[in-house]
$ cat final.cif   # mmCIF, C-alpha atoms
data_coords
loop_
_atom_site.label_atom_id
_atom_site.label_comp_id
_atom_site.auth_asym_id
_atom_site.auth_seq_id
_atom_site.Cartn_x
_atom_site.Cartn_y
_atom_site.Cartn_z
CA MET R 2 88.38 168.53 78.34
CA ARG R 3 87.05 168.79 74.77
CA THR R 4 84.76 171.65 75.79
CA LEU R 5 87.65 173.62 77.29
CA ILE R 6 89.75 172.99 74.19
CA SER R 7 86.91 174.30 72.03
CA CYS R 8 86.86 177.46 74.18
CA ALA R 9 90.64 177.79 73.82
CA ALA R 10 90.41 177.38 70.03
CA ASN R 11 87.64 179.98 69.67
CA PHE R 12 89.13 182.58 72.02
CA GLY R 13 92.85 181.96 71.37
CA TRP R 14 93.55 180.90 74.96
CA PRO R 15 96.83 179.16 75.86
CA LEU R 16 96.76 175.59 77.18
CA HIS R 17 99.23 174.74 79.95
CA GLN R 18 99.89 171.34 81.51
CA LEU R 19 101.18 170.51 84.99
CA ASP R 20 101.96 167.25 86.73
CA VAL R 21 101.90 166.71 90.49
CA LYS R 22 104.62 164.36 91.74
CA ASN R 23 103.57 161.71 94.27
CA ALA R 24 100.05 163.19 94.39
CA PHE R 25 98.52 160.63 96.76
CA LEU R 26 101.18 161.31 99.42
CA HIS R 27 99.76 164.84 99.88
CA GLY R 28 96.36 163.65 101.16
CA ASP R 29 95.38 164.14 104.82
CA LEU R 30 93.68 161.15 106.42
CA LYS R 31 90.55 161.75 108.50
CA GLU R 32 90.07 158.12 109.56
CA GLU R 33 92.34 156.17 111.90
CA VAL R 34 94.53 153.94 109.73
CA TYR R 35 97.34 151.76 111.06
CA MET R 36 100.11 149.85 109.29
CA GLU R 37 102.73 147.34 110.29
CA ILE R 38 106.31 148.45 111.01
CA PRO R 39 108.16 148.60 107.65
CA PRO R 40 110.93 146.00 107.06
CA GLY R 41 114.33 147.14 108.31
CA TYR R 42 112.98 148.87 111.43
CA SER R 43 112.68 145.78 113.61
CA ASN R 44 113.76 146.65 117.13
CA PHE R 45 113.16 145.16 120.55
CA GLU R 46 111.57 148.40 121.79
CA ILE R 47 109.00 148.59 118.95
CA ALA R 48 108.19 144.91 118.79
CA GLY R 49 104.42 144.34 118.72
CA LYS R 50 103.68 147.97 117.84
CA VAL R 51 102.15 149.52 114.71
CA CYS R 52 102.33 152.89 112.93
CA LYS R 53 99.43 155.34 112.88
CA LEU R 54 99.24 157.12 109.52
CA LYS R 55 98.73 160.87 109.32
CA LYS R 56 99.14 161.09 105.54
CA SER R 57 97.78 158.83 102.82
CA LEU R 58 99.90 156.26 101.03
CA TYR R 59 99.65 154.59 97.63
CA GLY R 60 97.50 151.48 97.94
CA LEU R 61 94.98 152.87 100.44
CA LYS R 62 91.36 153.07 99.33
CA GLN R 63 91.13 156.51 100.97
CA SER R 64 94.10 157.95 99.03
CA PRO R 65 92.29 159.30 95.90
CA ARG R 66 89.57 161.00 97.96
CA ALA R 67 92.08 162.37 100.48
CA TRP R 68 94.29 163.79 97.72
CA PHE R 69 91.43 165.48 95.88
CA ASP R 70 90.06 166.96 99.11
CA ARG R 71 93.49 168.43 99.89
CA PHE R 72 93.79 169.76 96.32
CA ARG R 73 90.28 171.28 96.44
CA ARG R 74 90.94 173.06 99.74
CA SER R 75 94.22 174.46 98.43
CA LEU R 76 92.63 175.89 95.28
CA CYS R 77 89.69 177.35 97.18
CA SER R 78 92.13 179.12 99.50
CA MET R 79 93.65 180.73 96.39
CA GLY R 80 90.29 182.24 95.46
CA TYR R 81 89.06 179.57 93.04
CA LYS R 82 85.55 178.11 92.94
CA GLN R 83 84.65 174.50 92.29
CA CYS R 84 82.37 174.09 89.27
CA ASN R 85 78.97 172.59 90.05
CA GLY R 86 78.62 171.05 86.58
CA ASP R 87 81.93 169.17 86.86
CA HIS R 88 83.66 168.94 90.23
CA THR R 89 87.09 168.44 88.62
CA VAL R 90 86.94 171.95 87.10
CA PHE R 91 87.90 175.08 89.07
CA TYR R 92 87.68 178.69 87.92
CA ARG R 93 88.46 182.25 89.02
CA HIS R 94 87.12 185.49 87.54
CA SER R 95 89.10 188.75 87.68
CA GLY R 96 86.90 191.39 86.15
CA ARG R 97 86.10 190.16 82.65
CA ARG R 98 89.02 187.73 82.61
CA VAL R 99 88.81 184.08 83.61
CA THR R 100 91.25 181.34 84.58
CA ILE R 101 90.11 177.71 84.37
CA LEU R 102 91.80 174.62 85.81
CA ALA R 103 90.84 170.99 85.15
CA VAL R 104 92.41 168.09 87.04
CA TYR R 105 92.45 164.33 86.49
CA VAL R 106 94.20 162.62 89.43
CA ASP R 107 97.67 164.24 89.11
CA ASP R 108 97.40 165.70 85.58
CA ILE R 109 96.34 169.35 85.40
CA ILE R 110 95.28 171.58 82.50
CA ILE R 111 95.18 175.38 82.90
CA THR R 112 93.62 177.74 80.37
CA GLY R 113 92.03 181.19 80.26
CA ASP R 114 92.75 184.75 79.15
CA ASP R 115 94.37 186.01 82.37
CA GLU R 116 98.11 185.41 81.87
CA VAL R 117 99.02 187.15 85.15
CA GLU R 118 96.69 184.91 87.15
CA ILE R 119 97.94 181.78 85.38
CA LYS R 120 101.52 182.65 86.34
CA ARG R 121 100.47 183.36 89.94
CA LEU R 122 98.55 180.07 90.08
CA LYS R 123 101.59 178.09 88.97
CA GLU R 124 103.77 179.77 91.60
CA ASN R 125 101.27 179.14 94.40
CA MET R 126 100.82 175.49 93.40
CA SER R 127 104.60 175.00 93.39
CA LYS R 128 104.69 176.22 96.99
CA GLU R 129 101.84 173.91 98.01
CA PHE R 130 102.83 170.73 96.10
CA GLU R 131 105.78 169.35 94.17
CA VAL R 132 104.65 170.36 90.68
CA LYS R 133 106.36 169.86 87.33
CA ASP R 134 105.50 172.42 84.62
CA LEU R 135 105.21 170.53 81.33
CA GLY R 136 104.69 173.68 79.26
CA GLN R 137 102.13 173.76 76.44
CA LEU R 138 99.58 170.96 76.38
CA LYS R 139 100.84 168.23 74.03
CA TYR R 140 99.98 164.83 75.51
CA PHE R 141 97.20 164.17 78.02
CA LEU R 142 95.85 160.77 79.17
CA GLY R 143 97.00 159.03 75.99
CA ILE R 144 95.60 161.80 73.76
CA GLU R 145 97.97 163.74 71.51
CA ILE R 146 97.29 167.47 71.14
CA ALA R 147 98.78 169.41 68.23
CA ARG R 148 98.23 173.17 67.84
CA SER R 149 98.76 175.42 64.84
CA PRO R 150 97.28 178.71 63.55
CA LYS R 151 94.57 176.60 61.86
CA GLY R 152 93.34 175.09 65.12
CA ILE R 153 93.86 172.30 67.66
CA VAL R 154 93.84 168.60 66.75
CA LEU R 155 93.20 165.73 69.17
CA SER R 156 94.27 162.25 68.11
CA GLN R 157 95.33 158.90 69.58
CA ARG R 158 97.70 157.71 66.87
CA LYS R 159 100.23 156.11 69.24
CA TYR R 160 97.41 154.39 71.13
CA VAL R 161 96.02 152.96 67.86
CA LEU R 162 99.41 151.73 66.64
CA ASP R 163 100.13 150.09 70.01
CA LEU R 164 96.71 148.39 69.88
CA LEU R 165 97.31 147.11 66.35
CA CYS R 166 100.77 145.87 67.31
CA GLU R 167 99.46 144.09 70.41
CA THR R 168 96.72 142.31 68.45
CA GLY R 169 98.99 141.41 65.53
CA MET R 170 96.94 143.52 63.10
CA LEU R 171 99.70 145.94 62.10
CA GLY R 172 100.05 144.29 58.70
CA CYS R 173 96.37 143.58 58.07
CA ARG R 174 94.38 144.66 55.02
CA PRO R 175 92.69 148.03 55.79
CA ALA R 176 88.89 148.42 55.76
CA SER R 177 87.05 151.48 54.46
CA THR R 178 84.27 151.47 57.10
CA PRO R 179 84.23 150.41 60.78
CA ILE R 180 81.19 148.10 60.41
CA ASP R 181 79.28 146.54 57.56
CA ALA R 182 76.32 148.65 56.44
CA ASN R 183 73.97 145.63 56.51
CA HIS R 184 75.36 143.76 59.50
CA LYS R 185 73.14 141.20 61.19
CA LEU R 186 74.89 140.79 64.55
CA SER R 187 72.89 139.05 67.26
CA ALA R 188 73.51 137.17 70.50
CA GLU R 189 73.83 133.86 68.60
CA SER R 190 76.34 135.00 65.96
CA GLY R 191 78.91 132.19 65.96
CA ASP R 192 80.54 129.97 68.56
CA PRO R 193 81.48 130.96 72.16
CA LEU R 194 85.02 132.19 72.77
CA ASN R 195 87.39 133.57 75.44
CA LYS R 196 85.47 136.24 77.38
CA GLU R 197 88.46 137.98 79.03
CA ARG R 198 90.34 138.58 75.78
CA TYR R 199 87.23 139.95 74.07
CA GLN R 200 86.40 142.26 77.00
CA ARG R 201 89.95 143.63 77.14
CA LEU R 202 89.95 144.35 73.41
CA VAL R 203 86.55 146.07 73.42
CA GLY R 204 87.52 148.03 76.54
CA ARG R 205 90.54 149.48 74.73
CA LEU R 206 88.32 150.43 71.78
CA ILE R 207 85.89 152.19 74.13
CA TYR R 208 88.70 154.44 75.37
CA LEU R 209 89.63 155.17 71.76
CA CYS R 210 86.15 156.63 71.20
CA HIS R 211 87.26 159.78 73.08
CA THR R 212 88.72 161.12 69.83
CA ARG R 213 87.13 158.79 67.25
CA PRO R 214 83.37 159.37 66.95
CA ASP R 215 83.49 157.53 63.62
CA ILE R 216 83.83 154.17 65.43
CA SER R 217 81.35 154.94 68.24
CA TYR R 218 78.45 153.03 66.68
CA ALA R 219 80.55 149.98 65.82
CA VAL R 220 82.04 149.88 69.34
CA SER R 221 78.56 150.32 70.83
CA VAL R 222 77.34 147.25 68.91
CA VAL R 223 80.23 144.94 69.88
CA SER R 224 80.11 146.09 73.52
CA ARG R 225 76.54 144.72 73.84
CA TYR R 226 77.90 141.17 73.82
CA MET R 227 80.74 141.43 76.35
CA HIS R 228 78.92 139.08 78.75
CA ASP R 229 78.73 136.27 76.15
CA PRO R 230 80.99 136.95 73.13
CA ARG R 231 80.83 134.80 70.01
CA SER R 232 83.09 134.38 67.01
CA GLY R 233 80.86 136.64 64.90
CA HIS R 234 81.28 139.44 67.44
CA LEU R 235 85.07 139.04 67.37
CA ASP R 236 85.00 139.31 63.57
CA ALA R 237 83.21 142.67 63.97
CA VAL R 238 85.92 143.80 66.40
CA TYR R 239 88.64 142.86 63.90
CA ARG R 240 86.73 144.85 61.27
CA ILE R 241 87.07 147.93 63.52
CA LEU R 242 90.81 147.27 63.88
CA ARG R 243 91.18 146.97 60.10
CA TYR R 244 89.38 150.31 59.74
CA LEU R 245 91.77 151.88 62.27
CA LYS R 246 94.71 150.53 60.25
CA ASN R 247 93.36 152.57 57.33
CA SER R 248 93.79 155.87 59.23
CA PRO R 249 95.44 155.54 62.66
CA GLY R 250 96.18 159.27 62.88
CA LYS R 251 92.66 160.54 62.26
CA GLY R 252 91.39 162.89 64.99
CA LEU R 253 89.19 165.86 65.83
CA LEU R 254 89.97 169.38 64.63
CA PHE R 255 88.93 172.32 66.82
CA LYS R 256 88.85 175.59 64.86
CA SER R 257 87.96 179.17 65.75
CA HIS R 258 84.41 180.09 64.70
CA GLY R 259 84.15 183.22 66.84
CA HIS R 260 81.25 182.02 69.00
CA LEU R 261 80.29 179.42 71.60
CA ASN R 262 76.81 178.50 70.38
CA VAL R 263 75.57 175.07 71.46
CA GLU R 264 73.97 172.93 68.75
CA GLY R 265 72.90 169.29 68.83
CA TYR R 266 71.98 166.68 66.24
CA CYS R 267 69.91 163.64 67.20
CA ASP R 268 68.87 160.55 65.29
CA ALA R 269 67.52 157.06 65.95
CA ASP R 270 67.45 153.76 64.08
CA TRP R 271 64.12 152.13 64.87
CA ALA R 272 64.08 148.50 66.17
CA SER R 273 67.64 147.92 64.95
CA CYS R 274 68.67 145.34 67.58
CA LEU R 275 67.75 141.83 66.40
CA ASP R 276 67.81 140.41 69.93
CA ASP R 277 65.13 142.56 71.60
CA ARG R 278 64.03 144.98 68.81
CA ARG R 279 65.13 148.03 70.75
CA SER R 280 66.14 151.15 68.84
CA THR R 281 69.54 152.85 68.77
CA SER R 282 69.87 156.51 69.78
CA GLY R 283 72.66 158.69 68.51
CA TYR R 284 73.53 162.32 69.13
CA CYS R 285 76.40 164.74 68.73
CA VAL R 286 76.76 168.19 70.32
CA PHE R 287 78.81 171.08 68.94
CA VAL R 288 80.14 173.92 71.11
CA GLY R 289 81.50 176.87 69.18
CA GLY R 290 81.24 174.91 65.93
CA ASN R 291 83.41 172.06 67.28
CA LEU R 292 82.28 168.55 68.18
CA VAL R 293 82.68 168.05 71.94
CA SER R 294 80.15 165.35 72.86
CA TRP R 295 78.60 162.34 71.11
CA ARG R 296 76.99 159.04 71.98
CA SER R 297 75.63 155.89 70.39
CA LYS R 298 73.45 153.88 72.75
CA LYS R 299 70.75 151.25 72.58
CA GLN R 300 67.50 152.54 74.11
CA SER R 301 66.36 151.05 77.42
CA VAL R 302 62.80 150.27 76.26
CA VAL R 303 61.16 149.15 73.03
CA SER R 304 59.79 152.00 70.89
CA ARG R 305 56.53 151.33 69.08
CA SER R 306 57.18 153.75 66.22
CA THR R 307 59.97 155.65 64.48
CA ALA R 308 58.67 158.93 65.90
CA GLU R 309 58.86 157.54 69.45
CA ALA R 310 62.44 156.33 68.93
CA GLU R 311 63.44 159.75 67.53
CA TYR R 312 61.72 161.50 70.43
CA ARG R 313 63.68 159.50 72.99
CA ALA R 314 66.90 160.41 71.18
CA MET R 315 65.84 164.07 71.26
CA SER R 316 65.35 163.88 75.02
CA LEU R 317 68.82 162.34 75.41
CA VAL R 318 70.61 165.09 73.46
CA LEU R 319 68.66 167.80 75.31
CA SER R 320 69.93 166.50 78.67
CA GLU R 321 73.52 166.66 77.42
CA MET R 322 73.08 170.15 75.98
CA LEU R 323 71.55 171.49 79.19
CA TRP R 324 74.51 170.18 81.17
CA LEU R 325 76.94 171.83 78.76
CA ARG R 326 75.00 175.09 78.92
CA ASN R 327 75.12 175.09 82.72
CA LEU R 328 78.86 174.38 82.66
CA LEU R 329 79.62 177.20 80.21
CA SER R 330 77.23 179.61 81.94
CA GLU R 331 78.98 179.05 85.27
CA LEU R 332 82.30 179.81 83.61
CA LYS R 333 80.66 182.97 82.13
CA VAL R 334 81.77 182.25 78.56
CA LEU R 335 78.32 181.56 77.05
CA ARG R 336 76.03 184.11 75.44
CA LYS R 337 72.32 184.02 76.25
CA CYS R 338 70.93 182.33 73.16
CA PRO R 339 68.63 179.30 72.77
CA LEU R 340 70.04 175.82 72.27
CA ARG R 341 69.37 174.53 68.78
CA ILE R 342 68.46 170.88 68.14
CA TRP R 343 68.41 169.44 64.61
CA CYS R 344 66.15 166.44 63.95
CA ASP R 345 65.25 164.75 60.67
CA ASN R 346 61.87 163.41 61.83
CA MET R 347 58.94 165.81 61.43
CA SER R 348 56.63 163.62 63.53
CA ALA R 349 58.90 163.94 66.58
CA ILE R 350 59.11 167.73 66.08
CA ASN R 351 55.32 168.00 65.76
CA ILE R 352 54.78 165.98 68.95
CA ALA R 353 57.07 168.39 70.82
CA ASN R 354 55.32 171.48 69.45
CA ASN R 355 51.77 170.16 69.93
CA PRO R 356 50.16 171.76 73.04
CA VAL R 357 47.64 168.89 73.33
CA GLN R 358 48.58 165.57 74.93
CA HIS R 359 47.17 162.71 72.85
CA ASP R 360 46.53 159.15 73.97
CA ARG R 361 49.04 157.97 71.38
CA THR R 362 51.85 159.81 73.20
CA LYS R 363 51.03 158.78 76.76
CA HIS R 364 53.85 156.25 76.87
CA VAL R 365 56.45 159.00 76.26
CA GLU R 366 54.79 161.43 78.64
CA ILE R 367 57.85 162.23 80.79
CA ASP R 368 60.12 162.85 77.79
CA ARG R 369 57.39 164.92 76.16
CA PHE R 370 56.93 167.24 79.14
CA PHE R 371 60.70 167.50 79.62
CA ILE R 372 61.11 168.84 76.06
CA LYS R 373 57.87 170.86 76.16
CA GLU R 374 58.98 172.82 79.24
CA ARG R 375 62.20 173.87 77.49
CA LEU R 376 60.32 174.88 74.37
CA ASP R 377 57.88 177.00 76.37
CA ASP R 378 60.59 178.92 78.24
CA GLY R 379 62.47 179.54 74.98
CA SER R 380 65.69 177.80 76.01
CA ILE R 381 65.69 175.45 72.99
CA GLU R 382 64.78 175.59 69.31
CA LEU R 383 63.77 172.53 67.29
CA ARG R 384 64.81 172.61 63.64
CA HIS R 385 64.21 170.10 60.86
CA ILE R 386 67.10 168.86 58.78
CA SER R 387 67.12 166.50 55.80
CA SER R 388 68.35 162.95 56.35
CA GLY R 389 71.28 163.66 54.04
CA GLY R 390 72.51 166.46 56.31
CA GLN R 391 71.97 164.59 59.59
CA ILE R 392 75.42 164.36 61.22
CA ALA R 393 74.24 161.91 63.91
CA ASP R 394 73.29 159.34 61.24
CA SER R 395 76.70 157.65 61.56
CA LEU R 396 76.02 157.06 65.29
CA THR R 397 72.92 154.92 64.71
CA LYS R 398 73.77 152.63 61.78
CA GLY R 399 76.53 151.33 59.56
CA LEU R 400 77.20 153.48 56.49
CA GLY R 401 78.76 152.98 53.09
CA VAL R 402 82.20 154.28 52.19
CA LYS R 403 81.01 157.57 50.69
CA ASP R 404 78.58 158.36 53.53
CA CYS R 405 81.13 157.34 56.17
CA ASN R 406 83.77 159.72 54.77
CA LEU R 407 81.17 162.50 54.49
CA ALA R 408 80.14 162.00 58.14
CA CYS R 409 83.80 162.25 59.25
CA ASP R 410 84.16 165.53 57.36
CA LYS R 411 81.00 166.97 58.95
CA MET R 412 82.19 166.01 62.43
CA GLY R 413 85.47 167.85 61.84
CA MET R 414 87.76 164.82 61.64
CA ILE R 415 91.09 165.12 59.80
CA ASN R 416 94.32 163.15 59.58
CA ILE R 417 97.30 165.46 60.07
CA TYR R 418 99.67 162.53 59.48
CA HIS R 419 98.31 161.92 55.99
CA PRO R 420 100.93 162.79 53.33
CA SER R 421 99.98 165.97 51.50
#
$ encode --input "final.cif" --output "structure tokens"
Amino acid sequence: MRTLISCAANFGWPLHQLDVKNAFLHGDLKEEVYMEIPPGYSNFEIAGKVCKLKKSLYGLKQSPRAWFDRFRRSLCSMGYKQCNGDHTVFYRHSGRRVTILAVYVDDIIITGDDEVEIKRLKENMSKEFEVKDLGQLKYFLGIEIARSPKGIVLSQRKYVLDLLCETGMLGCRPASTPIDANHKLSAESGDPLNKERYQRLVGRLIYLCHTRPDISYAVSVVSRYMHDPRSGHLDAVYRILRYLKNSPGKGLLFKSHGHLNVEGYCDADWASCLDDRRSTSGYCVFVGGNLVSWRSKKQSVVSRSTAEAEYRAMSLVLSEMLWLRNLLSELKVLRKCPLRIWCDNMSAINIANNPVQHDRTKHVEIDRFFIKERLDDGSIELRHISSGGQIADSLTKGLGVKDCNLACDKMGMINIYHPS
């Protein structure tokens, strides 16, 4: 969704939203499914009999798959192709023009530069299903979309305020950063507490990360202890809520930069986890100058050096960038130019550029060859960046107030609800 919105911002495409009424009732069942006679139809002649379903109903496990299969077949009959990179995206090319449709259950987004085809698509879908045209995209899956000549802003202000109200934190004292810069969270931080309440709270914060990359690292840390939460972990969660109270309307701004170049920033914090000394990888990917993908994740194995930790993070961001390139190439909106990766560790860059495999790099052999192949075919470029300019730094560690605000600015985050 964020990638399509970046395309719309750069090319000036419209964004339309549709809603399918009673979507699951449109699915065709392939299996034999029977149900009891509904109440109110009891009759002597039908006593002991059951109904055989031809269409899906809400509550059946087959309903989501049956609905999407019906929807896919309908779009393909209209001349659309299903995207290989993301099966929920469909597209149609008419000469140099393109129409793109993305669906999530019964919510549909349509964009592209072919206004005639978009109008035809809406008419054909209205004949096939009971569709409600919601006009311009404004609210999608709990995400608020605001558009102006300056760009498109995604935020979850209502979601944040509802979360603060539910937890009783609406009147709390705001915090300037989502997590303490020198936090020492571990598995034994405090006394045990209610697991279900903690998991529900962290789960809601995870969904909030769709528009708030500034809390991604803090949420990544507290989500490590969902199996055995302690009071110290809950204090860290409340710190995130206090930070959200400081700016509930902050969100991502997508502006027009006149291109769709793919750039990635990767960073790692070596041996940062006190429980198992594993490192934390962080990356963020920009498409057309707008942030569309980011991640903060603890590495699956222990890294023996800073260079190794950085190299694993580089491999992670490359996988994401290759997927995005394939998606945009299939939609025919991407120019043929190499992907650019920015890293602040010269040792990791030198390992990637070194044609000789040393014994000291045997343990990262797969990641090394994965990156080396892309360097040899010219599909990626590795560039060095100073630690002060590393945007992914906020995804690997807690930062101070000044650095946290600077990272938000670099990621394109603004608060349109802030009084001018």
$ closest_atom_pairs --input "final.cif" --of "region 126-218 of chain R" --to "region 246-260 of chain R" --cutoff "8 Å" --atoms "all atoms listed in the file" --output "CSV"
residue,atom,partner,partner_atom,distance
R:Lys151,CA,R:Lys256,CA,6.5
R:Gly152,CA,R:Lys256,CA,4.5
R:Ile153,CA,R:Phe255,CA,5.0
R:Val154,CA,R:Leu254,CA,4.5
R:Leu155,CA,R:Leu253,CA,5.2
R:Ser156,CA,R:Gly252,CA,4.3
R:Gln157,CA,R:Gly250,CA,6.8
R:Arg158,CA,R:Gly250,CA,4.5
R:Val161,CA,R:Pro249,CA,5.8
R:Leu162,CA,R:Pro249,CA,6.8
R:Leu165,CA,R:Lys246,CA,7.5
R:Met170,CA,R:Lys246,CA,7.9
R:Leu171,CA,R:Lys246,CA,7.0
R:Cys173,CA,R:Lys246,CA,7.5
R:Arg174,CA,R:Lys246,CA,7.9
R:Pro175,CA,R:Asn247,CA,4.8
R:Ala176,CA,R:Asn247,CA,6.3
R:Ser177,CA,R:Asn247,CA,7.0
R:Thr212,CA,R:Gly252,CA,5.8
R:Arg213,CA,R:Gly252,CA,6.3
$ resolve_selection --input "final.cif" --expression "the PyMOL selection byres ((chain R and resi 98-107) around 9)" --output "ChimeraX atom specification"
/R:2,5,19-25,65,68-69,81,89-97,108-116,118-119,142,332-334
$ closest_residue --input "final.cif" --among "R:Ala219, R:Leu235, R:Leu340, R:Leu30" --to "Arg201 (chain R)" --atoms "all atoms listed in the file"
R:Leu235
$ atom_distance --input "final.cif" --atom1 "CA of Leu261 (chain R)" --atom2 "CA of Cys84 (chain R)"
18.6 Å
$ closest_residue --input "final.cif" --among "R:Leu202, R:Ser280, R:Gly290, R:Glu311" --to "Asn262 (chain R)" --atoms "all atoms listed in the file"
R:Gly290
$ closest_residue --input "final.cif" --among "R:Arg225, R:Lys31, R:Arg66, R:Arg205" --to "Leu164 (chain R)" --atoms "all atoms listed in the file"
R:Arg205
$ closest_residue --input "final.cif" --among "R:Met126, R:Met412, R:Ile6, R:Ile47" --to "Ser75 (chain R)" --atoms "only C-alpha atoms"
R:Met126
$ resolve_selection --input "final.cif" --expression "the PyMOL selection byres ((chain R and resi 233) around 9)" --output "list of chain:residue names"
R:Leu186, R:Ser187, R:Glu189, R:Ser190, R:Gly191, R:Asp192, R:Pro230, R:Arg231, R:Ser232, R:His234, R:Leu235, R:Asp236, R:Ala237, R:Val238
$ atom_distance --input "final.cif" --atom1 "CA of Lys62 (chain R)" --atom2 "CA of Gly28 (chain R)"
11.8 Å
$ closest_residue --input "final.cif" --among "R:Gln18, R:Arg73, R:Arg326, R:Ser224" --to "Val132 (chain R)" --atoms "all atoms listed in the file"
R:Gln18
$ atom_distance --input "final.cif" --atom1 "CA of Ala408 (chain R)" --atom2 "CA of Asp394 (chain R)"
8.0 Å
$ closest_residue --input "final.cif" --among "R:Lys139, R:Lys56, R:His228, R:Lys185" --to "Arg198 (chain R)" --atoms "only C-alpha atoms"
R:His228
$ residues_around --input "final.cif" --residues "Lys53 (chain R)" --least-positions-apart "2" --cutoff "12 Å" --atoms "all atoms listed in the file" --output "list of chain:residue names"
R:Leu30, R:Lys31, R:Glu32, R:Glu33, R:Val34, R:Tyr35, R:Met36, R:Glu37, R:Ile38, R:Lys50, R:Val51, R:Lys55, R:Lys56, R:Ser57, R:Leu58
$ closest_atom_pairs --input "final.cif" --of "region 304-372 of chain R" --to "region 293-298 of chain R" --cutoff "10 Å" --atoms "only C-alpha atoms" --output "JSON lines"
{"residue": "R:Ala314", "atom": "CA", "partner": "R:Lys298", "partner_atom": "CA", "distance": 9.4}
{"residue": "R:Leu317", "atom": "CA", "partner": "R:Arg296", "partner_atom": "CA", "distance": 9.5}
{"residue": "R:Val318", "atom": "CA", "partner": "R:Trp295", "partner_atom": "CA", "distance": 8.8}
{"residue": "R:Glu321", "atom": "CA", "partner": "R:Ser294", "partner_atom": "CA", "distance": 8.2}
{"residue": "R:Met322", "atom": "CA", "partner": "R:Ser294", "partner_atom": "CA", "distance": 9.1}
{"residue": "R:Leu325", "atom": "CA", "partner": "R:Ser294", "partner_atom": "CA", "distance": 9.3}
$ resolve_selection --input "final.cif" --expression "the PyMOL selection byres ((chain R and resi 387) around 12)" --output "PyMOL selection string"
chain R and resi 266+268+343-347+384-386+388-394
$ residues_around --input "final.cif" --residues "Arg279 (chain R)" --least-positions-apart "5" --cutoff "12 Å" --atoms "only C-alpha atoms" --output "PyMOL selection string"
chain R and resi 269-274+298-307+309-310+313
$ build_atoms --input "final.cif" --residues "region 259-269 of chain R" --atoms "N, CA, C and O atoms" --output "compact mmCIF listing (two decimals), in the coordinates of the input"
# COMPACT_ATOMS: atom_id res chain seq x y z
N GLY R 259 84.54 181.93 66.30
CA GLY R 259 84.15 183.22 66.84
C GLY R 259 82.91 183.23 67.70
O GLY R 259 82.33 184.28 67.96
N HIS R 260 82.44 182.06 68.14
CA HIS R 260 81.25 182.02 69.00
C HIS R 260 81.31 180.73 69.84
O HIS R 260 82.15 179.86 69.60
N LEU R 261 80.40 180.64 70.80
CA LEU R 261 80.29 179.42 71.60
C LEU R 261 78.84 178.91 71.60
O LEU R 261 78.34 178.46 72.63
N ASN R 262 78.18 179.00 70.48
CA ASN R 262 76.81 178.50 70.38
C ASN R 262 76.78 176.98 70.55
O ASN R 262 77.69 176.28 70.10
N VAL R 263 75.73 176.50 71.21
CA VAL R 263 75.57 175.07 71.46
C VAL R 263 74.51 174.51 70.53
O VAL R 263 73.36 174.96 70.55
N GLU R 264 74.89 173.56 69.69
CA GLU R 264 73.97 172.93 68.75
C GLU R 264 74.06 171.42 68.88
O GLU R 264 75.15 170.87 69.12
N GLY R 265 72.92 170.74 68.72
CA GLY R 265 72.90 169.29 68.83
C GLY R 265 72.16 168.64 67.68
O GLY R 265 71.20 169.20 67.15
N TYR R 266 72.62 167.48 67.28
CA TYR R 266 71.98 166.68 66.24
C TYR R 266 71.59 165.34 66.84
O TYR R 266 72.41 164.71 67.53
N CYS R 267 70.37 164.90 66.63
CA CYS R 267 69.91 163.64 67.20
C CYS R 267 69.26 162.79 66.12
O CYS R 267 68.63 163.29 65.18
N ASP R 268 69.42 161.49 66.26
CA ASP R 268 68.87 160.55 65.29
C ASP R 268 68.62 159.23 66.00
O ASP R 268 69.14 158.98 67.09
N ALA R 269 67.82 158.38 65.39
CA ALA R 269 67.52 157.06 65.95
C ALA R 269 67.30 156.08 64.81
O ALA R 269 66.78 156.44 63.75
